[in-house]
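Data file: structure_20.pdb. Format and content: PDB, C-alpha atoms.
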MODEL        1
ATOM      1  CA  MET A  32      51.451   9.646 -99.799
ATOM      2  CA  GLY A  33      49.530   7.132 -97.801
ATOM      3  CA  THR A  34      46.608   6.707-100.211
ATOM      4  CA  ALA A  35      47.099   3.005-101.022
ATOM      5  CA  ARG A  36      44.940   0.516 -99.124
ATOM      6  CA  THR A  37      44.770  -3.253 -99.082
ATOM      7  CA  PRO A  38      41.415  -4.910 -99.977
ATOM      8  CA  GLN A  39      40.956  -5.839 -96.317
ATOM      9  CA  ARG A  40      41.500  -2.267 -95.127
ATOM     10  CA  ARG A  41      39.192  -0.955 -97.852
ATOM     11  CA  ALA A  42      36.470  -3.329 -96.724
ATOM     12  CA  ILE A  43      36.926  -2.287 -93.112
ATOM     13  CA  LEU A  44      36.822   1.432 -94.023
ATOM     14  CA  THR A  45      33.769   1.018 -96.257
ATOM     15  CA  GLY A  46      31.939  -0.975 -93.597
ATOM     16  CA  GLY A  47      32.860   1.534 -90.933
ATOM     17  CA  LEU A  48      31.632   4.461 -93.001
ATOM     18  CA  ALA A  49      28.377   2.679 -93.761
ATOM     19  CA  ALA A  50      27.859   1.854 -90.104
ATOM     20  CA  THR A  51      28.567   5.442 -89.110
ATOM     21  CA  ALA A  52      26.094   6.774 -91.653
ATOM     22  CA  ALA A  53      23.475   4.323 -90.416
ATOM     23  CA  MET A  54      24.077   5.388 -86.835
ATOM     24  CA  LEU A  55      23.721   9.065 -87.773
ATOM     25  CA  THR A  56      20.472   8.241 -89.562
ATOM     26  CA  ALA A  57      19.167   6.491 -86.451
ATOM     27  CA  CYS A  58      20.096   9.481 -84.305
ATOM     28  CA  SER A  59      18.251  11.772 -86.702
ATOM     29  CA  SER A  60      15.088   9.658 -86.754
ATOM     30  CA  ASN A  61      15.003   9.567 -82.960
ATOM     31  CA  SER A  62      15.210  13.338 -82.533
ATOM     32  CA  ASP A  63      12.182  15.270 -81.306
ATOM     33  CA  THR A  64       9.691  16.926 -83.635
ATOM     34  CA  SER A  65      11.203  20.357 -83.067
ATOM     35  CA  SER A  66      14.097  19.255 -85.299
ATOM     36  CA  ALA A  67      11.810  18.279 -88.179
ATOM     37  CA  GLY A  68      12.916  19.718 -91.498
ATOM     38  CA  LYS A  69      16.394  20.537 -90.209
ATOM     39  CA  THR A  70      18.122  17.256 -91.036
ATOM     40  CA  SER A  71      18.736  15.184 -94.131
ATOM     41  CA  ALA A  72      18.711  11.395 -94.576
ATOM     42  CA  VAL A  73      22.035  11.098 -92.765
ATOM     43  CA  GLY A  74      21.053  13.538 -90.041
ATOM     44  CA  ALA A  75      22.895  16.446 -91.631
ATOM     45  CA  ALA A  76      22.091  19.862 -90.187
ATOM     46  CA  LYS A  77      21.298  22.832 -92.415
ATOM     47  CA  SER A  78      22.722  26.082 -91.139
ATOM     48  CA  PRO A  79      20.122  28.422 -89.629
ATOM     49  CA  SER A  80      22.569  31.303 -89.299
ATOM     50  CA  PRO A  81      21.514  34.428 -91.228
ATOM     51  CA  ALA A  82      25.140  35.594 -91.165
ATOM     52  CA  ALA A  83      26.413  32.468 -92.868
ATOM     53  CA  GLY A  84      23.399  31.630 -95.045
ATOM     54  CA  PRO A  85      22.376  28.180 -96.324
ATOM     55  CA  ARG A  86      24.981  25.451 -96.542
ATOM     56  CA  PRO A  87      26.887  25.643 -99.856
ATOM     57  CA  ASP A  88      26.115  22.539-101.905
ATOM     58  CA  SER A  89      28.594  22.959-104.776
ATOM     59  CA  PRO A  90      32.403  23.138-104.832
ATOM     60  CA  TRP A  91      32.283  26.711-106.134
ATOM     61  CA  ALA A  92      29.795  27.909-103.525
ATOM     62  CA  ALA A  93      31.818  26.308-100.718
ATOM     63  CA  PHE A  94      35.048  27.784-102.077
ATOM     64  CA  ALA A  95      33.485  31.241-102.412
ATOM     65  CA  ARG A  96      32.185  31.051 -98.817
ATOM     66  CA  LEU A  97      35.643  30.202 -97.505
ATOM     67  CA  MET A  98      37.425  32.892 -99.516
ATOM     68  CA  ASP A  99      34.877  35.511 -98.445
ATOM     69  CA  GLY A 100      35.580  34.511 -94.866
ATOM     70  CA  ASN A 101      39.322  34.814 -95.409
ATOM     71  CA  LYS A 102      38.873  38.303 -96.826
ATOM     72  CA  ARG A 103      37.002  39.294 -93.667
ATOM     73  CA  TRP A 104      39.891  37.831 -91.628
ATOM     74  CA  VAL A 105      42.449  39.854 -93.593
ATOM     75  CA  ASP A 106      40.382  43.043 -93.332
ATOM     76  CA  GLY A 107      39.476  42.561 -89.665
ATOM     77  CA  LYS A 108      35.746  42.625 -90.454
ATOM     78  CA  PHE A 109      34.701  39.397 -88.769
ATOM     79  CA  GLN A 110      31.141  38.069 -88.810
ATOM     80  CA  HIS A 111      31.866  35.148 -86.463
ATOM     81  CA  PRO A 112      29.059  33.115 -88.107
ATOM     82  CA  ASP A 113      27.642  29.954 -86.518
ATOM     83  CA  ARG A 114      29.139  30.623 -83.085
ATOM     84  CA  ASP A 115      26.130  31.367 -80.881
ATOM     85  CA  PRO A 116      24.250  29.095 -78.421
ATOM     86  CA  GLU A 117      21.476  28.548 -80.977
ATOM     87  CA  ARG A 118      23.960  27.146 -83.463
ATOM     88  CA  ARG A 119      25.580  24.986 -80.773
ATOM     89  CA  GLU A 120      22.223  23.440 -79.908
ATOM     90  CA  PHE A 121      21.272  23.042 -83.557
ATOM     91  CA  VAL A 122      24.362  21.030 -84.547
ATOM     92  CA  ALA A 123      24.434  18.991 -81.331
ATOM     93  CA  GLU A 124      22.315  16.276 -82.968
ATOM     94  CA  ALA A 125      23.882  16.254 -86.435
ATOM     95  CA  GLN A 126      26.402  17.975 -88.682
ATOM     96  CA  ASP A 127      26.785  18.765 -92.373
ATOM     97  CA  PRO A 128      30.051  20.678 -92.957
ATOM     98  CA  TYR A 129      30.566  22.234 -96.362
ATOM     99  CA  GLY A 130      34.371  21.987 -96.355
ATOM    100  CA  VAL A 131      37.266  19.752 -95.349
ATOM    101  CA  ILE A 132      40.500  21.479 -94.329
ATOM    102  CA  LEU A 133      43.800  19.618 -94.067
ATOM    103  CA  SER A 134      46.276  21.990 -92.453
ATOM    104  CA  CYS A 135      49.344  22.165 -90.247
ATOM    105  CA  ILE A 136      49.308  21.996 -86.450
ATOM    106  CA  ASP A 137      50.905  25.455 -86.303
ATOM    107  CA  SER A 138      49.193  27.518 -83.595
ATOM    108  CA  ARG A 139      49.100  30.557 -85.878
ATOM    109  CA  VAL A 140      46.964  28.881 -88.544
ATOM    110  CA  PRO A 141      43.571  27.909 -87.014
ATOM    111  CA  PRO A 142      41.292  27.216 -90.026
ATOM    112  CA  GLU A 143      38.068  28.263 -88.305
ATOM    113  CA  LEU A 144      39.552  31.723 -87.670
ATOM    114  CA  VAL A 145      41.441  32.044 -90.947
ATOM    115  CA  PHE A 146      38.177  31.468 -92.853
ATOM    116  CA  ASP A 147      35.878  33.167 -90.282
ATOM    117  CA  THR A 148      33.664  30.101 -89.868
ATOM    118  CA  GLY A 149      31.923  28.474 -86.917
ATOM    119  CA  LEU A 150      30.494  25.326 -85.369
ATOM    120  CA  GLY A 151      29.560  22.607 -87.815
ATOM    121  CA  ASP A 152      30.997  24.379 -90.866
ATOM    122  CA  LEU A 153      34.248  22.473 -91.413
ATOM    123  CA  PHE A 154      35.853  19.089 -90.953
ATOM    124  CA  VAL A 155      39.405  19.952 -89.863
ATOM    125  CA  MET A 156      42.473  17.694 -89.840
ATOM    126  CA  ARG A 157      45.776  19.133 -88.586
ATOM    127  CA  THR A 158      49.131  17.356 -88.791
ATOM    128  CA  GLY A 159      52.736  18.515 -88.702
ATOM    129  CA  GLY A 160      53.440  19.959 -92.141
ATOM    130  CA  GLN A 161      49.953  18.762 -93.210
ATOM    131  CA  VAL A 162      51.489  15.366 -94.022
ATOM    132  CA  VAL A 163      49.165  12.456 -94.714
ATOM    133  CA  GLY A 164      48.964   8.735 -93.993
ATOM    134  CA  PRO A 165      46.161   6.161 -94.139
ATOM    135  CA  VAL A 166      44.298   7.458 -91.059
ATOM    136  CA  VAL A 167      44.556  11.083 -92.191
ATOM    137  CA  VAL A 168      43.442  10.238 -95.734
ATOM    138  CA  GLY A 169      40.518   8.266 -94.322
ATOM    139  CA  SER A 170      39.568  11.277 -92.209
ATOM    140  CA  VAL A 171      39.717  13.556 -95.273
ATOM    141  CA  GLU A 172      37.566  11.092 -97.227
ATOM    142  CA  TYR A 173      34.900  10.951 -94.526
ATOM    143  CA  GLY A 174      33.015  14.151 -95.402
ATOM    144  CA  PRO A 175      32.888  13.738 -99.203
ATOM    145  CA  MET A 176      32.119  10.006 -99.012
ATOM    146  CA  THR A 177      29.432  10.074 -96.318
ATOM    147  CA  SER A 178      27.929  13.577 -96.388
ATOM    148  CA  GLY A 179      28.662  14.922 -99.853
ATOM    149  CA  THR A 180      31.006  17.613 -98.549
ATOM    150  CA  PRO A 181      31.904  19.411-101.803
ATOM    151  CA  LEU A 182      35.313  20.935-101.013
ATOM    152  CA  ILE A 183      38.713  19.873 -99.689
ATOM    153  CA  VAL A 184      41.426  22.460 -99.037
ATOM    154  CA  VAL A 185      45.036  21.468 -98.362
ATOM    155  CA  LEU A 186      46.325  24.508 -96.486
ATOM    156  CA  GLY A 187      50.054  24.997 -95.978
ATOM    157  CA  HIS A 188      51.641  28.138 -94.620
ATOM    158  CA  GLN A 189      54.567  30.523 -94.540
ATOM    159  CA  ARG A 190      57.549  29.648 -92.300
ATOM    160  CA  CYS A 191      56.402  26.095 -91.560
ATOM    161  CA  GLY A 192      58.611  24.771 -88.771
ATOM    162  CA  ALA A 193      57.942  21.108 -89.564
ATOM    163  CA  ILE A 194      58.939  21.481 -93.196
ATOM    164  CA  LYS A 195      61.984  23.587 -92.311
ATOM    165  CA  ALA A 196      63.190  20.936 -89.847
ATOM    166  CA  ALA A 197      62.632  18.163 -92.395
ATOM    167  CA  TYR A 198      64.391  20.100 -95.155
ATOM    168  CA  GLU A 199      67.445  20.797 -93.009
ATOM    169  CA  ALA A 200      67.624  17.215 -91.743
ATOM    170  CA  MET A 201      67.487  15.745 -95.254
ATOM    171  CA  ARG A 202      69.942  18.326 -96.578
ATOM    172  CA  ASP A 203      72.418  17.470 -93.819
ATOM    173  CA  GLY A 204      71.797  13.710 -93.929
ATOM    174  CA  LYS A 205      70.471  13.608 -90.364
ATOM    175  CA  LYS A 206      67.493  12.028 -88.631
ATOM    176  CA  LEU A 207      64.899  13.866 -86.600
ATOM    177  CA  PRO A 208      64.219  12.631 -83.041
ATOM    178  CA  GLY A 209      61.424  10.209 -82.183
ATOM    179  CA  ASN A 210      58.384  10.049 -84.432
ATOM    180  CA  LEU A 211      59.281  13.398 -85.989
ATOM    181  CA  GLN A 212      61.256  11.307 -88.446
ATOM    182  CA  ALA A 213      57.965   9.978 -89.832
ATOM    183  CA  ILE A 214      57.056  13.543 -90.794
ATOM    184  CA  SER A 215      60.406  13.970 -92.509
ATOM    185  CA  ASP A 216      59.958  10.688 -94.394
ATOM    186  CA  ALA A 217      56.527  11.785 -95.641
ATOM    187  CA  LEU A 218      58.040  15.032 -96.921
ATOM    188  CA  ARG A 219      60.817  13.371 -98.927
ATOM    189  CA  PRO A 220      59.002  13.621-102.310
ATOM    190  CA  ALA A 221      58.644  17.376-101.816
ATOM    191  CA  TYR A 222      62.297  17.628-100.809
ATOM    192  CA  ARG A 223      63.407  15.774-103.932
ATOM    193  CA  GLU A 224      61.354  18.073-106.152
ATOM    194  CA  THR A 225      62.701  21.138-104.349
ATOM    195  CA  THR A 226      66.333  20.146-104.849
ATOM    196  CA  ARG A 227      65.870  19.694-108.603
ATOM    197  CA  GLN A 228      65.852  23.471-109.013
ATOM    198  CA  GLN A 229      67.575  26.441-107.434
ATOM    199  CA  HIS A 230      65.370  28.459-105.079
ATOM    200  CA  THR A 231      66.233  31.640-103.200
ATOM    201  CA  ASP A 232      64.073  30.302-100.336
ATOM    202  CA  PRO A 233      64.134  26.496-100.620
ATOM    203  CA  VAL A 234      62.057  25.933 -97.477
ATOM    204  CA  ASP A 235      59.217  28.101 -98.754
ATOM    205  CA  ALA A 236      59.494  26.411-102.142
ATOM    206  CA  MET A 237      59.252  23.018-100.432
ATOM    207  CA  VAL A 238      56.154  24.160 -98.534
ATOM    208  CA  ARG A 239      54.419  25.103-101.775
ATOM    209  CA  ILE A 240      55.529  21.965-103.604
ATOM    210  CA  HIS A 241      54.318  19.746-100.771
ATOM    211  CA  ILE A 242      50.920  21.465-100.653
ATOM    212  CA  LYS A 243      50.416  20.929-104.381
ATOM    213  CA  GLN A 244      51.650  17.322-104.266
ATOM    214  CA  THR A 245      49.296  16.455-101.414
ATOM    215  CA  ALA A 246      46.302  18.025-103.141
ATOM    216  CA  ALA A 247      47.151  16.212-106.386
ATOM    217  CA  GLU A 248      47.301  12.867-104.571
ATOM    218  CA  LEU A 249      43.929  13.461-102.934
ATOM    219  CA  ARG A 250      42.445  14.627-106.243
ATOM    220  CA  THR A 251      43.486  11.347-107.884
ATOM    221  CA  ASN A 252      42.665   9.138-104.888
ATOM    222  CA  ARG A 253      40.641   6.176-106.154
ATOM    223  CA  ASP A 254      37.681   7.006-103.895
ATOM    224  CA  LEU A 255      37.717  10.781-104.338
ATOM    225  CA  ALA A 256      38.632  10.943-108.035
ATOM    226  CA  PRO A 257      35.152   9.858-109.235
ATOM    227  CA  LEU A 258      33.586  12.685-107.205
ATOM    228  CA  VAL A 259      36.067  15.162-108.683
ATOM    229  CA  LYS A 260      35.371  13.903-112.201
ATOM    230  CA  LYS A 261      31.604  14.340-111.706
ATOM    231  CA  GLY A 262      32.108  17.889-110.480
ATOM    232  CA  ASP A 263      30.745  17.077-107.020
ATOM    233  CA  LEU A 264      34.078  17.713-105.290
ATOM    234  CA  ALA A 265      37.013  20.099-105.685
ATOM    235  CA  VAL A 266      40.425  19.648-104.067
ATOM    236  CA  VAL A 267      42.242  22.964-103.672
ATOM    237  CA  SER A 268      45.834  23.578-102.641
ATOM    238  CA  ALA A 269      46.385  26.873-100.812
ATOM    239  CA  TYR A 270      49.116  28.799 -99.003
ATOM    240  CA  TYR A 271      48.550  30.938 -95.918
ATOM    241  CA  SER A 272      50.648  34.048 -95.286
ATOM    242  CA  LEU A 273      51.451  34.571 -91.626
ATOM    243  CA  ASP A 274      52.359  38.171 -92.427
ATOM    244  CA  THR A 275      49.092  39.205 -94.068
ATOM    245  CA  GLY A 276      46.562  36.518 -93.112
ATOM    246  CA  ARG A 277      45.735  36.014 -96.780
ATOM    247  CA  VAL A 278      45.078  32.586 -98.297
ATOM    248  CA  GLU A 279      46.645  32.238-101.751
ATOM    249  CA  VAL A 280      45.140  29.571-103.991
ATOM    250  CA  LEU A 281      47.794  27.469-105.751
ATOM    251  CA  THR A 282      45.845  24.839-107.695
ATOM    252  CA  GLY A 283      42.366  23.366-108.091
ATOM    253  CA  ALA A 284      40.103  26.399-107.638
ATOM    254  CA  PRO A 285      36.611  25.366-108.824
ATOM    255  CA  SER A 286      34.758  27.351-111.460
ATOM    256  CA  ALA A 287      31.297  28.818-110.973
TER     257      ALA A 287
ENDMDL
END
Encoded form using structure tokens:
Amino acid sequence: MGTARTPQRRAILTGGLAATAAMLTACSSNSDTSSAGKTSAVGAAKSPSPAAGPRPDSPWAAFARLMDGNKRWVDGKFQHPDRDPERREFVAEAQDPYGVILSCIDSRVPPELVFDTGLGDLFVMRTGGQVVGPVVVGSVEYGPMTSGTPLIVVLGHQRCGAIKAAYEAMRDGKKLPGNLQAISDALRPAYRETTRQQHTDPVDAMVRIHIKQTAAELRTNRDLAPLVKKGDLAVVSAYYSLDTGRVEVLTGAPSA
């Protein structure tokens, strides 16, 4: 959904990304000497937090860091890494997140809490039902294409209100009000797949199907697919339980 681009849009996106990277480089080179050794060629900060440790540079290391954080969230043993004034000052000049999270706007699913992370650790995009379009896909692409961010997680969740509303509207042949209909339209492929089989909980089935479809589209995106093929990037689909706080991996978990 929403991954196709015209040559003109591709040129604009590529130029914009290049300009942004150049601007970040300029900001890095102009920083004072106290920041020496803390930034890369694109001004990317390396985490100084002993609690978090060095920035993960591989898909597996990034995935393991996130899942360790989720276990702490489930167990109530938070470290709250990268959330002190020192970290705030450190990432003020530059950032180098190790993960990209595409999740729902639901107030009960804040990625930074769910994975027990902090400032500068994650690029986060949140849309109703984690649906995508050109702007969202471009935002997801930003980290891997400009900073080498090694992990993307498409995170859906239990009892998703957006997907429930879309399912019921399509089932009943109705339209949702205002621009909510755009969310429903984006979810139609997941709805079609859901209705091909009998499910005791069709809404939850649609949530899981949509998560996996979205991750598969990103994994085969013409700009991200080469990074996936080289092993520099993993695209994971995952499901968050509101009841337990646990993140269940559905597809795409990287190997060590």
Could you make a table, as JSON lines, of the residues of region 146-230 of chain A that have an atom within 7 Å of an atom of region 112-117 of chain A, each with its nearest atom pair and distance in Å to one decimal, counting all atoms listed in the file, in chain and number order?
{"residue": "A:Thr148", "atom": "CA", "partner": "A:Pro112", "partner_atom": "CA", "distance": 5.8}
{"residue": "A:Gly149", "atom": "CA", "partner": "A:Asp113", "partner_atom": "CA", "distance": 4.5}
{"residue": "A:Leu150", "atom": "CA", "partner": "A:Asp113", "partner_atom": "CA", "distance": 5.6}
Could you save those same residues with C-alpha atoms as a PDB file, keeping the file's coordinate frame?
ATOM      1  CA  THR A 148      33.664  30.101 -89.868  1.00  0.00           C
ATOM      2  CA  GLY A 149      31.923  28.474 -86.917  1.00  0.00           C
ATOM      3  CA  LEU A 150      30.494  25.326 -85.369  1.00  0.00           C
TER       4      LEU A 150
END
Problem set entry | Who sits within 12 Å of Thr251 (chain A), all atoms listed in the file, same chain under 4 positions skipped, as a PyMOL selection string | chain A and resi 32+34-35+244-247+255-260+264-266
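You can rank A:Asp88, A:Gly159, A:Ala196, A:Leu249 by their closest distance to Gly283 (chain A) using all atoms listed in the file, and at the top of that list sits A:Leu249.
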Problem set entry | Expected selection from the PyMOL selection byres ((chain A and resi 276) around 8), given as a list in words |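 After applying the PyMOL selection byres ((chain A and resi 276) around 8), what remains is Asn101, Trp104, Val105, Val145, Tyr271, Ser272, Leu273, Asp274, Thr275, Arg277 and Val278 of chain A.
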Problem set entry | Atom-to-atom span, CA of Arg190 (chain A) and CA of Glu248 (chain A), Å |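 If I compute the distance from CA of Arg190 (chain A) to CA of Glu248 (chain A), I get 23.2 Å.
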Spatial neighbours of Asp137 (chain A), max dist 10 Å, all atoms listed in the file, sep filter under 4 positions, as an mmCIF file with C-alpha atoms, in the coordinates of the input:
data_model
loop_
_atom_site.group_PDB
_atom_site.id
_atom_site.type_symbol
_atom_site.label_atom_id
_atom_site.label_comp_id
_atom_site.auth_asym_id
_atom_site.auth_seq_id
_atom_site.Cartn_x
_atom_site.Cartn_y
_atom_site.Cartn_z
ATOM 1 C CA PRO A 141 43.571 27.909 -87.014
ATOM 2 C CA ARG A 157 45.776 19.133 -88.586
ATOM 3 C CA THR A 158 49.131 17.356 -88.791
ATOM 4 C CA GLY A 159 52.736 18.515 -88.702
ATOM 5 C CA GLY A 160 53.440 19.959 -92.141
ATOM 6 C CA GLN A 161 49.953 18.762 -93.210
ATOM 7 C CA GLY A 187 50.054 24.997 -95.978
ATOM 8 C CA HIS A 188 51.641 28.138 -94.620
ATOM 9 C CA ARG A 190 57.549 29.648 -92.300
ATOM 10 C CA CYS A 191 56.402 26.095 -91.560
ATOM 11 C CA GLY A 192 58.611 24.771 -88.771
ATOM 12 C CA ALA A 193 57.942 21.108 -89.564
#
Could you give me, as a Markdown table, every region 179-255 of chain A residue with an atom at most 12 Å from region 165-173 of chain A, plus its closest atom pair and distance in Å to one decimal, counting all atoms listed in the file, rows ordered by chain then number?
| residue | atom | partner | partner_atom | distance |
| --- | --- | --- | --- | --- |
| A:Gly179 | CA | A:Tyr173 | CA | 9.1 |
| A:Thr180 | CA | A:Tyr173 | CA | 8.7 |
| A:Pro181 | CA | A:Glu172 | CA | 11.1 |
| A:Leu182 | CA | A:Val171 | CA | 10.3 |
| A:Ile183 | CA | A:Val171 | CA | 7.8 |
| A:Val184 | CA | A:Val171 | CA | 9.8 |
| A:Val185 | CA | A:Val171 | CA | 10.0 |
| A:Ala217 | CA | A:Pro165 | CA | 11.9 |
| A:Thr245 | CA | A:Val168 | CA | 10.3 |
| A:Ala246 | CA | A:Val168 | CA | 11.1 |
| A:Glu248 | CA | A:Val168 | CA | 10.0 |
| A:Leu249 | CA | A:Val168 | CA | 7.9 |
| A:Arg250 | CA | A:Glu172 | CA | 10.8 |
| A:Asn252 | CA | A:Val168 | CA | 9.3 |
| A:Arg253 | CA | A:Glu172 | CA | 10.6 |
| A:Asp254 | CA | A:Glu172 | CA | 7.8 |
| A:Leu255 | CA | A:Glu172 | CA | 7.1 |
When the PyMOL selection byres ((chain A and resi 197-214) around 12) is applied to the structure above, which residues does it catch, written out as a PDB file with C-alpha atoms, in the coordinates of the input?
ATOM      1  CA  MET A  32      51.451   9.646 -99.799  1.00  0.00           C
ATOM      2  CA  GLY A  33      49.530   7.132 -97.801  1.00  0.00           C
ATOM      3  CA  CYS A 135      49.344  22.165 -90.247  1.00  0.00           C
ATOM      4  CA  THR A 158      49.131  17.356 -88.791  1.00  0.00           C
ATOM      5  CA  GLY A 159      52.736  18.515 -88.702  1.00  0.00           C
ATOM      6  CA  GLY A 160      53.440  19.959 -92.141  1.00  0.00           C
ATOM      7  CA  GLN A 161      49.953  18.762 -93.210  1.00  0.00           C
ATOM      8  CA  VAL A 162      51.489  15.366 -94.022  1.00  0.00           C
ATOM      9  CA  VAL A 163      49.165  12.456 -94.714  1.00  0.00           C
ATOM     10  CA  GLY A 164      48.964   8.735 -93.993  1.00  0.00           C
ATOM     11  CA  CYS A 191      56.402  26.095 -91.560  1.00  0.00           C
ATOM     12  CA  GLY A 192      58.611  24.771 -88.771  1.00  0.00           C
ATOM     13  CA  ALA A 193      57.942  21.108 -89.564  1.00  0.00           C
ATOM     14  CA  ILE A 194      58.939  21.481 -93.196  1.00  0.00           C
ATOM     15  CA  LYS A 195      61.984  23.587 -92.311  1.00  0.00           C
ATOM     16  CA  ALA A 196      63.190  20.936 -89.847  1.00  0.00           C
ATOM     17  CA  SER A 215      60.406  13.970 -92.509  1.00  0.00           C
ATOM     18  CA  ASP A 216      59.958  10.688 -94.394  1.00  0.00           C
ATOM     19  CA  ALA A 217      56.527  11.785 -95.641  1.00  0.00           C
ATOM     20  CA  LEU A 218      58.040  15.032 -96.921  1.00  0.00           C
ATOM     21  CA  ARG A 219      60.817  13.371 -98.927  1.00  0.00           C
ATOM     22  CA  PRO A 220      59.002  13.621-102.310  1.00  0.00           C
ATOM     23  CA  ALA A 221      58.644  17.376-101.816  1.00  0.00           C
ATOM     24  CA  TYR A 222      62.297  17.628-100.809  1.00  0.00           C
ATOM     25  CA  ARG A 223      63.407  15.774-103.932  1.00  0.00           C
ATOM     26  CA  GLU A 224      61.354  18.073-106.152  1.00  0.00           C
ATOM     27  CA  THR A 225      62.701  21.138-104.349  1.00  0.00           C
ATOM     28  CA  THR A 226      66.333  20.146-104.849  1.00  0.00           C
ATOM     29  CA  ASP A 232      64.073  30.302-100.336  1.00  0.00           C
ATOM     30  CA  PRO A 233      64.134  26.496-100.620  1.00  0.00           C
ATOM     31  CA  VAL A 234      62.057  25.933 -97.477  1.00  0.00           C
ATOM     32  CA  ASP A 235      59.217  28.101 -98.754  1.00  0.00           C
ATOM     33  CA  ALA A 236      59.494  26.411-102.142  1.00  0.00           C
ATOM     34  CA  MET A 237      59.252  23.018-100.432  1.00  0.00           C
ATOM     35  CA  VAL A 238      56.154  24.160 -98.534  1.00  0.00           C
ATOM     36  CA  HIS A 241      54.318  19.746-100.771  1.00  0.00           C
TER      37      HIS A 241
END
Exercise. What is the CA of Arg239 (chain A)-CA of Lys108 (chain A) distance in Å, reported with one decimal?
Worked result: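 It comes out at 28.0 Å.
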